[in-house]
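Note sheet for the following structure.
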Amino acid sequence: MWRALEGSKFDSEHDNGHPLGLAFSNIFPWGKIQEGDRRSLLFASPREDLLATIARGLQRNRDFNVGEMSFEVDDLSQLTVDVGEPGTRGVIETATGVVVRLTPEHREQYGIEAEHDAPTYWRPEHTIKPFKDAIRANLQHKHDRFAHEYQDGPTDVDGELFEGYDLLKTYALPVTVTTGTTLDVVLSKWRFDYRVRNDAHRHHLNLALDAGIGGRNGLGFGFSNIVEKTKPGESELERADAFA
């Protein structure tokens with residue numbers, strides 16, 4: 001991905017400590033891959049010029065590596081994803097693990113002891129409240145960077161970001177965060193129930209889809225998908241019949 005941004009105005013944002021405003025999926029469908037197999041990858045961003053720059057870079061150089069696997073880009077297409085108008089209900093599921101590193105302020109507020117000199121990552125025993133506060137604060141930071149000044153951010157309004165938080169699993173993974181630096185990071189996967197309250201809430205949910213949930217999005221974490229969506233006035237049965 002970063003090779004596609006080389007020489008662009010975004011190149012200098014690599015490892016500058018601020019969110020790039022980019023999330024991306026794993027390759028899919030997952031499973032054993034043989035030579036000649038086709039796979040897909042999704043990029044999301046609130047910055048249209050960033051996505052356009054990546055697309056141009058991939059058109060110029062169609063070689064694309066994922067770990068030890070080498071691919072050739074043969075098609076690029078655009079998707080429009082939206083949680084829906086106010087009143088829409090749905091479920092967002094994280095496709096890649098969510099990284100939540102608790103700040104000293106969060107640890108002090110919730111009485112969480114620091115783990116020696118290692119970063120403190122959210123775990124289920126910390127309870128759900130620090131997780132909620134951390135992803136909301138992280139999303140506010142992204143809002144401050146990428147949204148219009150006149151728009152209220154997620155911490156500027158009342159109400160939860162999601163109505164339901166269903167933890168699917170937690171797991172640890174060694175992650176190379178910079179060249180020569182590898183950390184053991186604790187990740188979590190979730191299903192989030194939502195109901196769009198108003199246009200501001202719609203913006204916040206769409207920003208979470210576009211920029212990723214939690215931290216380390218530039219390393220591929222926090223990418224999520226809408227897996228269920230019911231329009232206002234539509235029943236669950238009607239929604240199911242529509243896709244039958």
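Each chain in the structure tokens gets a letter, A, B and so on, in the order shown; residues start at 1 in every chain, and ligands are counted from 1 in the order they appear.
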
Query raised in the report: Could you pull out all residues of segment 31-237 of chain A with a DSSP call of helix (DSSP H, G or I) and give them as number ranges by chain?
Result: A: 48-60, 104-110, 124-126, 128-146, 199-211, 217-219, 236-237

**Report entry** Nearby residues (only C-alpha atoms) at most 8 Å from Ser188 of chain A, same-chain spacing under 6 positions excluded, as a list of chain:residue names
**Finding:** A:Gly97, A:Val98, A:Val99, A:Leu167, A:Leu168, A:Lys169, A:Thr170, A:Tyr171

Based on the selection just made, write N, CA and C atoms of those residues as a short mmCIF file (atom, residue, chain, number, x, y, z; two decimals), in the first residue's frame.
```cif
data_model
loop_
_atom_site.label_atom_id
_atom_site.label_comp_id
_atom_site.auth_asym_id
_atom_site.auth_seq_id
_atom_site.Cartn_x
_atom_site.Cartn_y
_atom_site.Cartn_z
N GLY A 97 -8.81 -7.39 13.74
CA GLY A 97 -8.83 -7.12 15.18
C GLY A 97 -8.76 -5.64 15.51
N VAL A 98 -9.37 -5.28 16.63
CA VAL A 98 -9.37 -3.90 17.11
C VAL A 98 -8.28 -3.73 18.17
N VAL A 99 -7.45 -2.71 17.98
CA VAL A 99 -6.39 -2.39 18.94
C VAL A 99 -6.87 -1.23 19.81
N LEU A 167 -18.72 -9.06 22.20
CA LEU A 167 -17.32 -9.46 22.05
C LEU A 167 -17.26 -10.88 21.49
N LEU A 168 -16.59 -11.05 20.36
CA LEU A 168 -16.45 -12.36 19.74
C LEU A 168 -15.23 -13.11 20.25
N LYS A 169 -14.11 -12.42 20.36
CA LYS A 169 -12.90 -13.05 20.89
C LYS A 169 -11.82 -12.01 21.12
N THR A 170 -10.85 -12.37 21.95
CA THR A 170 -9.63 -11.59 22.11
C THR A 170 -8.45 -12.51 21.85
N TYR A 171 -7.37 -11.94 21.38
CA TYR A 171 -6.18 -12.74 21.10
C TYR A 171 -4.97 -11.82 21.02
#
```

**Report entry** Residues within 9 Å of Asp210 of chain A, only C-alpha atoms, excluding chain neighbours under 5 positions, as a PyMOL selection string
**Finding:** chain A and resi 21-23+43-47+81+205+223-224

Export, as a PDB file, in the first residue's frame, the selected residues with N, CA and C atoms.
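Full text of result_14.pdb as output:
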```pdb
ATOM      1  N   GLY A  21      -6.179   8.016   8.263  1.00  0.00           N
ATOM      2  CA  GLY A  21      -7.549   8.012   7.757  1.00  0.00           C
ATOM      3  C   GLY A  21      -7.732   6.931   6.717  1.00  0.00           C
ATOM      4  N   LEU A  22      -7.202   5.750   7.008  1.00  0.00           N
ATOM      5  CA  LEU A  22      -7.283   4.640   6.065  1.00  0.00           C
ATOM      6  C   LEU A  22      -7.456   3.342   6.834  1.00  0.00           C
ATOM      7  N   ALA A  23      -8.367   2.523   6.373  1.00  0.00           N
ATOM      8  CA  ALA A  23      -8.543   1.175   6.916  1.00  0.00           C
ATOM      9  C   ALA A  23      -8.594   0.216   5.741  1.00  0.00           C
ATOM     10  N   PHE A  43     -10.221  -1.189   0.575  1.00  0.00           N
ATOM     11  CA  PHE A  43      -9.668  -0.013   1.234  1.00  0.00           C
ATOM     12  C   PHE A  43     -10.820   0.921   1.567  1.00  0.00           C
ATOM     13  N   ALA A  44     -10.731   1.593   2.717  1.00  0.00           N
ATOM     14  CA  ALA A  44     -11.745   2.570   3.110  1.00  0.00           C
ATOM     15  C   ALA A  44     -11.058   3.803   3.666  1.00  0.00           C
ATOM     16  N   SER A  45     -11.627   4.977   3.387  1.00  0.00           N
ATOM     17  CA  SER A  45     -11.052   6.219   3.897  1.00  0.00           C
ATOM     18  C   SER A  45     -12.071   7.338   3.779  1.00  0.00           C
ATOM     19  N   PRO A  46     -12.062   8.299   4.725  1.00  0.00           N
ATOM     20  CA  PRO A  46     -12.876   9.500   4.566  1.00  0.00           C
ATOM     21  C   PRO A  46     -12.227  10.507   3.617  1.00  0.00           C
ATOM     22  N   ARG A  47     -11.011  10.209   3.158  1.00  0.00           N
ATOM     23  CA  ARG A  47     -10.259  11.108   2.278  1.00  0.00           C
ATOM     24  C   ARG A  47     -10.290  10.542   0.855  1.00  0.00           C
ATOM     25  N   VAL A  81     -20.515   2.742   0.849  1.00  0.00           N
ATOM     26  CA  VAL A  81     -21.006   2.087   2.066  1.00  0.00           C
ATOM     27  C   VAL A  81     -21.578   3.153   2.988  1.00  0.00           C
ATOM     28  N   LEU A 205     -20.778   6.990  12.641  1.00  0.00           N
ATOM     29  CA  LEU A 205     -20.718   5.567  12.298  1.00  0.00           C
ATOM     30  C   LEU A 205     -20.019   5.350  10.955  1.00  0.00           C
ATOM     31  N   PHE A 223     -10.603  -2.637  10.713  1.00  0.00           N
ATOM     32  CA  PHE A 223     -11.476  -2.577   9.546  1.00  0.00           C
ATOM     33  C   PHE A 223     -12.780  -3.306   9.866  1.00  0.00           C
ATOM     34  N   SER A 224     -13.899  -2.749   9.427  1.00  0.00           N
ATOM     35  CA  SER A 224     -15.192  -3.350   9.758  1.00  0.00           C
ATOM     36  C   SER A 224     -16.152  -3.266   8.581  1.00  0.00           C
TER      37      SER A 224
END
```

From segment 12-235 of chain A, collect each residue whose DSSP state is strand (DSSP E) and return the set as a PDB file with N, CA and C atoms, in the first residue's frame.
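Generated file (result00.pdb):
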```
ATOM      1  N   ALA A  23      -8.367   2.523   6.373  1.00  0.00           N
ATOM      2  CA  ALA A  23      -8.543   1.175   6.916  1.00  0.00           C
ATOM      3  C   ALA A  23      -8.594   0.216   5.741  1.00  0.00           C
ATOM      4  N   PHE A  24      -8.145  -1.011   5.960  1.00  0.00           N
ATOM      5  CA  PHE A  24      -8.199  -1.977   4.871  1.00  0.00           C
ATOM      6  C   PHE A  24      -8.407  -3.375   5.427  1.00  0.00           C
ATOM      7  N   PHE A  43     -10.221  -1.189   0.575  1.00  0.00           N
ATOM      8  CA  PHE A  43      -9.668  -0.013   1.234  1.00  0.00           C
ATOM      9  C   PHE A  43     -10.820   0.921   1.567  1.00  0.00           C
ATOM     10  N   ALA A  44     -10.731   1.593   2.717  1.00  0.00           N
ATOM     11  CA  ALA A  44     -11.745   2.570   3.110  1.00  0.00           C
ATOM     12  C   ALA A  44     -11.058   3.803   3.666  1.00  0.00           C
ATOM     13  N   ASP A  63       1.890  -4.870  -9.244  1.00  0.00           N
ATOM     14  CA  ASP A  63       2.412  -5.875  -8.314  1.00  0.00           C
ATOM     15  C   ASP A  63       1.976  -5.513  -6.900  1.00  0.00           C
ATOM     16  N   PHE A  64       1.416  -6.482  -6.179  1.00  0.00           N
ATOM     17  CA  PHE A  64       0.881  -6.221  -4.841  1.00  0.00           C
ATOM     18  C   PHE A  64       1.233  -7.402  -3.949  1.00  0.00           C
ATOM     19  N   ASN A  65       1.965  -7.127  -2.883  1.00  0.00           N
ATOM     20  CA  ASN A  65       2.410  -8.185  -1.977  1.00  0.00           C
ATOM     21  C   ASN A  65       1.645  -8.127  -0.661  1.00  0.00           C
ATOM     22  N   VAL A  66       1.251  -9.282  -0.173  1.00  0.00           N
ATOM     23  CA  VAL A  66       0.627  -9.423   1.147  1.00  0.00           C
ATOM     24  C   VAL A  66       1.451 -10.452   1.906  1.00  0.00           C
ATOM     25  N   MET A  69       3.036 -13.494   0.118  1.00  0.00           N
ATOM     26  CA  MET A  69       2.272 -13.792  -1.094  1.00  0.00           C
ATOM     27  C   MET A  69       2.346 -12.634  -2.078  1.00  0.00           C
ATOM     28  N   SER A  70       2.503 -12.956  -3.348  1.00  0.00           N
ATOM     29  CA  SER A  70       2.584 -11.952  -4.407  1.00  0.00           C
ATOM     30  C   SER A  70       1.344 -12.037  -5.290  1.00  0.00           C
ATOM     31  N   PHE A  71       0.753 -10.885  -5.551  1.00  0.00           N
ATOM     32  CA  PHE A  71      -0.435 -10.802  -6.393  1.00  0.00           C
ATOM     33  C   PHE A  71      -0.199  -9.784  -7.499  1.00  0.00           C
ATOM     34  N   GLU A  72      -1.087  -9.819  -8.478  1.00  0.00           N
ATOM     35  CA  GLU A  72      -1.117  -8.796  -9.522  1.00  0.00           C
ATOM     36  C   GLU A  72      -2.520  -8.213  -9.562  1.00  0.00           C
ATOM     37  N   ARG A  89     -31.471   0.497  11.495  1.00  0.00           N
ATOM     38  CA  ARG A  89     -30.830  -0.400  12.456  1.00  0.00           C
ATOM     39  C   ARG A  89     -29.901  -1.344  11.713  1.00  0.00           C
ATOM     40  N   GLY A  90     -28.850  -1.770  12.396  1.00  0.00           N
ATOM     41  CA  GLY A  90     -27.935  -2.680  11.731  1.00  0.00           C
ATOM     42  C   GLY A  90     -26.893  -3.252  12.665  1.00  0.00           C
ATOM     43  N   VAL A  91     -26.002  -4.021  12.078  1.00  0.00           N
ATOM     44  CA  VAL A  91     -24.894  -4.637  12.808  1.00  0.00           C
ATOM     45  C   VAL A  91     -23.610  -4.399  12.024  1.00  0.00           C
ATOM     46  N   ILE A  92     -22.601  -3.918  12.717  1.00  0.00           N
ATOM     47  CA  ILE A  92     -21.263  -3.752  12.157  1.00  0.00           C
ATOM     48  C   ILE A  92     -20.363  -4.793  12.800  1.00  0.00           C
ATOM     49  N   GLU A  93     -19.620  -5.522  11.985  1.00  0.00           N
ATOM     50  CA  GLU A  93     -18.717  -6.548  12.500  1.00  0.00           C
ATOM     51  C   GLU A  93     -17.285  -6.216  12.098  1.00  0.00           C
ATOM     52  N   THR A  94     -16.373  -6.348  13.052  1.00  0.00           N
ATOM     53  CA  THR A  94     -14.973  -6.077  12.754  1.00  0.00           C
ATOM     54  C   THR A  94     -14.390  -7.246  11.971  1.00  0.00           C
ATOM     55  N   VAL A  98      -9.367  -5.278  16.633  1.00  0.00           N
ATOM     56  CA  VAL A  98      -9.368  -3.898  17.112  1.00  0.00           C
ATOM     57  C   VAL A  98      -8.277  -3.733  18.166  1.00  0.00           C
ATOM     58  N   VAL A  99      -7.447  -2.714  17.984  1.00  0.00           N
ATOM     59  CA  VAL A  99      -6.395  -2.391  18.943  1.00  0.00           C
ATOM     60  C   VAL A  99      -6.868  -1.233  19.810  1.00  0.00           C
ATOM     61  N   GLY A 164     -25.194  -1.985  21.053  1.00  0.00           N
ATOM     62  CA  GLY A 164     -24.789  -3.274  21.605  1.00  0.00           C
ATOM     63  C   GLY A 164     -23.349  -3.585  21.266  1.00  0.00           C
ATOM     64  N   TYR A 165     -22.651  -4.200  22.232  1.00  0.00           N
ATOM     65  CA  TYR A 165     -21.245  -4.564  22.063  1.00  0.00           C
ATOM     66  C   TYR A 165     -21.110  -6.060  22.346  1.00  0.00           C
ATOM     67  N   ASP A 166     -20.989  -6.851  21.309  1.00  0.00           N
ATOM     68  CA  ASP A 166     -20.891  -8.303  21.452  1.00  0.00           C
ATOM     69  C   ASP A 166     -19.456  -8.727  21.153  1.00  0.00           C
ATOM     70  N   LEU A 167     -18.716  -9.057  22.202  1.00  0.00           N
ATOM     71  CA  LEU A 167     -17.325  -9.464  22.050  1.00  0.00           C
ATOM     72  C   LEU A 167     -17.261 -10.883  21.489  1.00  0.00           C
ATOM     73  N   LEU A 168     -16.587 -11.050  20.362  1.00  0.00           N
ATOM     74  CA  LEU A 168     -16.450 -12.363  19.736  1.00  0.00           C
ATOM     75  C   LEU A 168     -15.232 -13.107  20.255  1.00  0.00           C
ATOM     76  N   LYS A 169     -14.108 -12.419  20.360  1.00  0.00           N
ATOM     77  CA  LYS A 169     -12.902 -13.054  20.891  1.00  0.00           C
ATOM     78  C   LYS A 169     -11.820 -12.013  21.120  1.00  0.00           C
ATOM     79  N   THR A 170     -10.853 -12.368  21.951  1.00  0.00           N
ATOM     80  CA  THR A 170      -9.629 -11.586  22.110  1.00  0.00           C
ATOM     81  C   THR A 170      -8.447 -12.511  21.855  1.00  0.00           C
ATOM     82  N   TYR A 171      -7.372 -11.937  21.383  1.00  0.00           N
ATOM     83  CA  TYR A 171      -6.183 -12.735  21.100  1.00  0.00           C
ATOM     84  C   TYR A 171      -4.971 -11.815  21.022  1.00  0.00           C
ATOM     85  N   ALA A 172      -3.798 -12.385  21.249  1.00  0.00           N
ATOM     86  CA  ALA A 172      -2.545 -11.634  21.178  1.00  0.00           C
ATOM     87  C   ALA A 172      -1.822 -11.979  19.885  1.00  0.00           C
ATOM     88  N   LEU A 173      -1.108 -10.978  19.363  1.00  0.00           N
ATOM     89  CA  LEU A 173      -0.435 -11.150  18.086  1.00  0.00           C
ATOM     90  C   LEU A 173       0.845 -10.328  18.084  1.00  0.00           C
ATOM     91  N   PRO A 174       1.982 -10.903  17.672  1.00  0.00           N
ATOM     92  CA  PRO A 174       3.190 -10.093  17.517  1.00  0.00           C
ATOM     93  C   PRO A 174       3.061  -9.220  16.272  1.00  0.00           C
ATOM     94  N   VAL A 175       3.249  -7.920  16.441  1.00  0.00           N
ATOM     95  CA  VAL A 175       3.048  -6.972  15.345  1.00  0.00           C
ATOM     96  C   VAL A 175       4.301  -6.123  15.175  1.00  0.00           C
ATOM     97  N   THR A 176       4.807  -6.039  13.963  1.00  0.00           N
ATOM     98  CA  THR A 176       5.931  -5.156  13.659  1.00  0.00           C
ATOM     99  C   THR A 176       5.372  -3.758  13.425  1.00  0.00           C
ATOM    100  N   VAL A 177       5.572  -2.864  14.395  1.00  0.00           N
ATOM    101  CA  VAL A 177       4.985  -1.529  14.322  1.00  0.00           C
ATOM    102  C   VAL A 177       5.875  -0.566  13.555  1.00  0.00           C
ATOM    103  N   THR A 178       7.185  -0.728  13.652  1.00  0.00           N
ATOM    104  CA  THR A 178       8.146   0.009  12.842  1.00  0.00           C
ATOM    105  C   THR A 178       9.281  -0.951  12.504  1.00  0.00           C
ATOM    106  N   THR A 181      11.041  -3.081  15.217  1.00  0.00           N
ATOM    107  CA  THR A 181      10.302  -3.020  16.483  1.00  0.00           C
ATOM    108  C   THR A 181       9.039  -3.868  16.389  1.00  0.00           C
ATOM    109  N   THR A 182       8.983  -4.914  17.217  1.00  0.00           N
ATOM    110  CA  THR A 182       7.822  -5.798  17.257  1.00  0.00           C
ATOM    111  C   THR A 182       7.232  -5.797  18.657  1.00  0.00           C
ATOM    112  N   LEU A 183       5.912  -5.641  18.738  1.00  0.00           N
ATOM    113  CA  LEU A 183       5.211  -5.634  20.018  1.00  0.00           C
ATOM    114  C   LEU A 183       4.179  -6.753  20.041  1.00  0.00           C
ATOM    115  N   ASP A 184       3.939  -7.301  21.229  1.00  0.00           N
ATOM    116  CA  ASP A 184       2.823  -8.223  21.421  1.00  0.00           C
ATOM    117  C   ASP A 184       1.579  -7.388  21.699  1.00  0.00           C
ATOM    118  N   VAL A 185       0.656  -7.399  20.765  1.00  0.00           N
ATOM    119  CA  VAL A 185      -0.531  -6.556  20.823  1.00  0.00           C
ATOM    120  C   VAL A 185      -1.749  -7.425  21.115  1.00  0.00           C
ATOM    121  N   VAL A 186      -2.618  -6.952  22.011  1.00  0.00           N
ATOM    122  CA  VAL A 186      -3.865  -7.657  22.315  1.00  0.00           C
ATOM    123  C   VAL A 186      -4.973  -7.075  21.441  1.00  0.00           C
ATOM    124  N   LEU A 187      -5.643  -7.933  20.699  1.00  0.00           N
ATOM    125  CA  LEU A 187      -6.687  -7.530  19.765  1.00  0.00           C
ATOM    126  C   LEU A 187      -8.028  -8.108  20.204  1.00  0.00           C
ATOM    127  N   SER A 188      -9.094  -7.496  19.729  1.00  0.00           N
ATOM    128  CA  SER A 188     -10.434  -8.020  19.997  1.00  0.00           C
ATOM    129  C   SER A 188     -11.279  -7.902  18.739  1.00  0.00           C
ATOM    130  N   LYS A 189     -12.203  -8.850  18.582  1.00  0.00           N
ATOM    131  CA  LYS A 189     -13.147  -8.814  17.468  1.00  0.00           C
ATOM    132  C   LYS A 189     -14.563  -8.692  18.024  1.00  0.00           C
ATOM    133  N   TRP A 190     -15.421  -7.929  17.301  1.00  0.00           N
ATOM    134  CA  TRP A 190     -16.719  -7.531  17.839  1.00  0.00           C
ATOM    135  C   TRP A 190     -17.815  -7.576  16.786  1.00  0.00           C
ATOM    136  N   ARG A 191     -19.060  -7.643  17.297  1.00  0.00           N
ATOM    137  CA  ARG A 191     -20.266  -7.298  16.549  1.00  0.00           C
ATOM    138  C   ARG A 191     -20.928  -6.151  17.295  1.00  0.00           C
ATOM    139  N   PHE A 192     -21.137  -5.040  16.597  1.00  0.00           N
ATOM    140  CA  PHE A 192     -21.725  -3.844  17.200  1.00  0.00           C
ATOM    141  C   PHE A 192     -23.128  -3.629  16.637  1.00  0.00           C
ATOM    142  N   ASP A 193     -24.130  -3.575  17.513  1.00  0.00           N
ATOM    143  CA  ASP A 193     -25.482  -3.211  17.095  1.00  0.00           C
ATOM    144  C   ASP A 193     -25.595  -1.691  17.067  1.00  0.00           C
ATOM    145  N   TYR A 194     -26.263  -1.175  16.045  1.00  0.00           N
ATOM    146  CA  TYR A 194     -26.443   0.278  15.987  1.00  0.00           C
ATOM    147  C   TYR A 194     -27.859   0.636  15.546  1.00  0.00           C
ATOM    148  N   ARG A 195     -28.263   1.818  15.934  1.00  0.00           N
ATOM    149  CA  ARG A 195     -29.487   2.440  15.431  1.00  0.00           C
ATOM    150  C   ARG A 195     -29.161   3.903  15.189  1.00  0.00           C
ATOM    151  N   SER A 224     -13.899  -2.749   9.427  1.00  0.00           N
ATOM    152  CA  SER A 224     -15.192  -3.350   9.758  1.00  0.00           C
ATOM    153  C   SER A 224     -16.152  -3.266   8.581  1.00  0.00           C
ATOM    154  N   ASN A 225     -17.183  -4.102   8.644  1.00  0.00           N
ATOM    155  CA  ASN A 225     -18.199  -4.188   7.590  1.00  0.00           C
ATOM    156  C   ASN A 225     -19.594  -4.122   8.199  1.00  0.00           C
ATOM    157  N   ILE A 226     -20.537  -3.619   7.422  1.00  0.00           N
ATOM    158  CA  ILE A 226     -21.949  -3.737   7.785  1.00  0.00           C
ATOM    159  C   ILE A 226     -22.414  -5.128   7.363  1.00  0.00           C
ATOM    160  N   VAL A 227     -22.884  -5.918   8.319  1.00  0.00           N
ATOM    161  CA  VAL A 227     -23.321  -7.282   7.997  1.00  0.00           C
ATOM    162  C   VAL A 227     -24.838  -7.431   8.065  1.00  0.00           C
ATOM    163  N   GLU A 228     -25.518  -6.470   8.690  1.00  0.00           N
ATOM    164  CA  GLU A 228     -26.985  -6.458   8.717  1.00  0.00           C
ATOM    165  C   GLU A 228     -27.435  -5.003   8.672  1.00  0.00           C
ATOM    166  N   LYS A 229     -28.525  -4.746   7.948  1.00  0.00           N
ATOM    167  CA  LYS A 229     -29.072  -3.385   7.909  1.00  0.00           C
ATOM    168  C   LYS A 229     -30.558  -3.450   7.617  1.00  0.00           C
ATOM    169  N   THR A 230     -31.349  -2.765   8.450  1.00  0.00           N
ATOM    170  CA  THR A 230     -32.798  -2.717   8.294  1.00  0.00           C
ATOM    171  C   THR A 230     -33.233  -1.263   8.215  1.00  0.00           C
TER     172      THR A 230
END
```

Requested in this report: To one decimal in Å, tell me the separation between atom CA of His18 of chain A and atom CA of Leu219 of chain A.
Outcome: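 Computing it gives 12.9 Å between the two atoms.
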
**Report entry** Residue nearest Leu207 of chain A among A:Gly180, A:Gly153, A:Pro124, A:Pro232 (counting only C-alpha atoms)
**Finding:**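 Going through A:Gly180, A:Gly153, A:Pro124, A:Pro232 one by one, the smallest distance to Leu207 of chain A is for A:Gly153.
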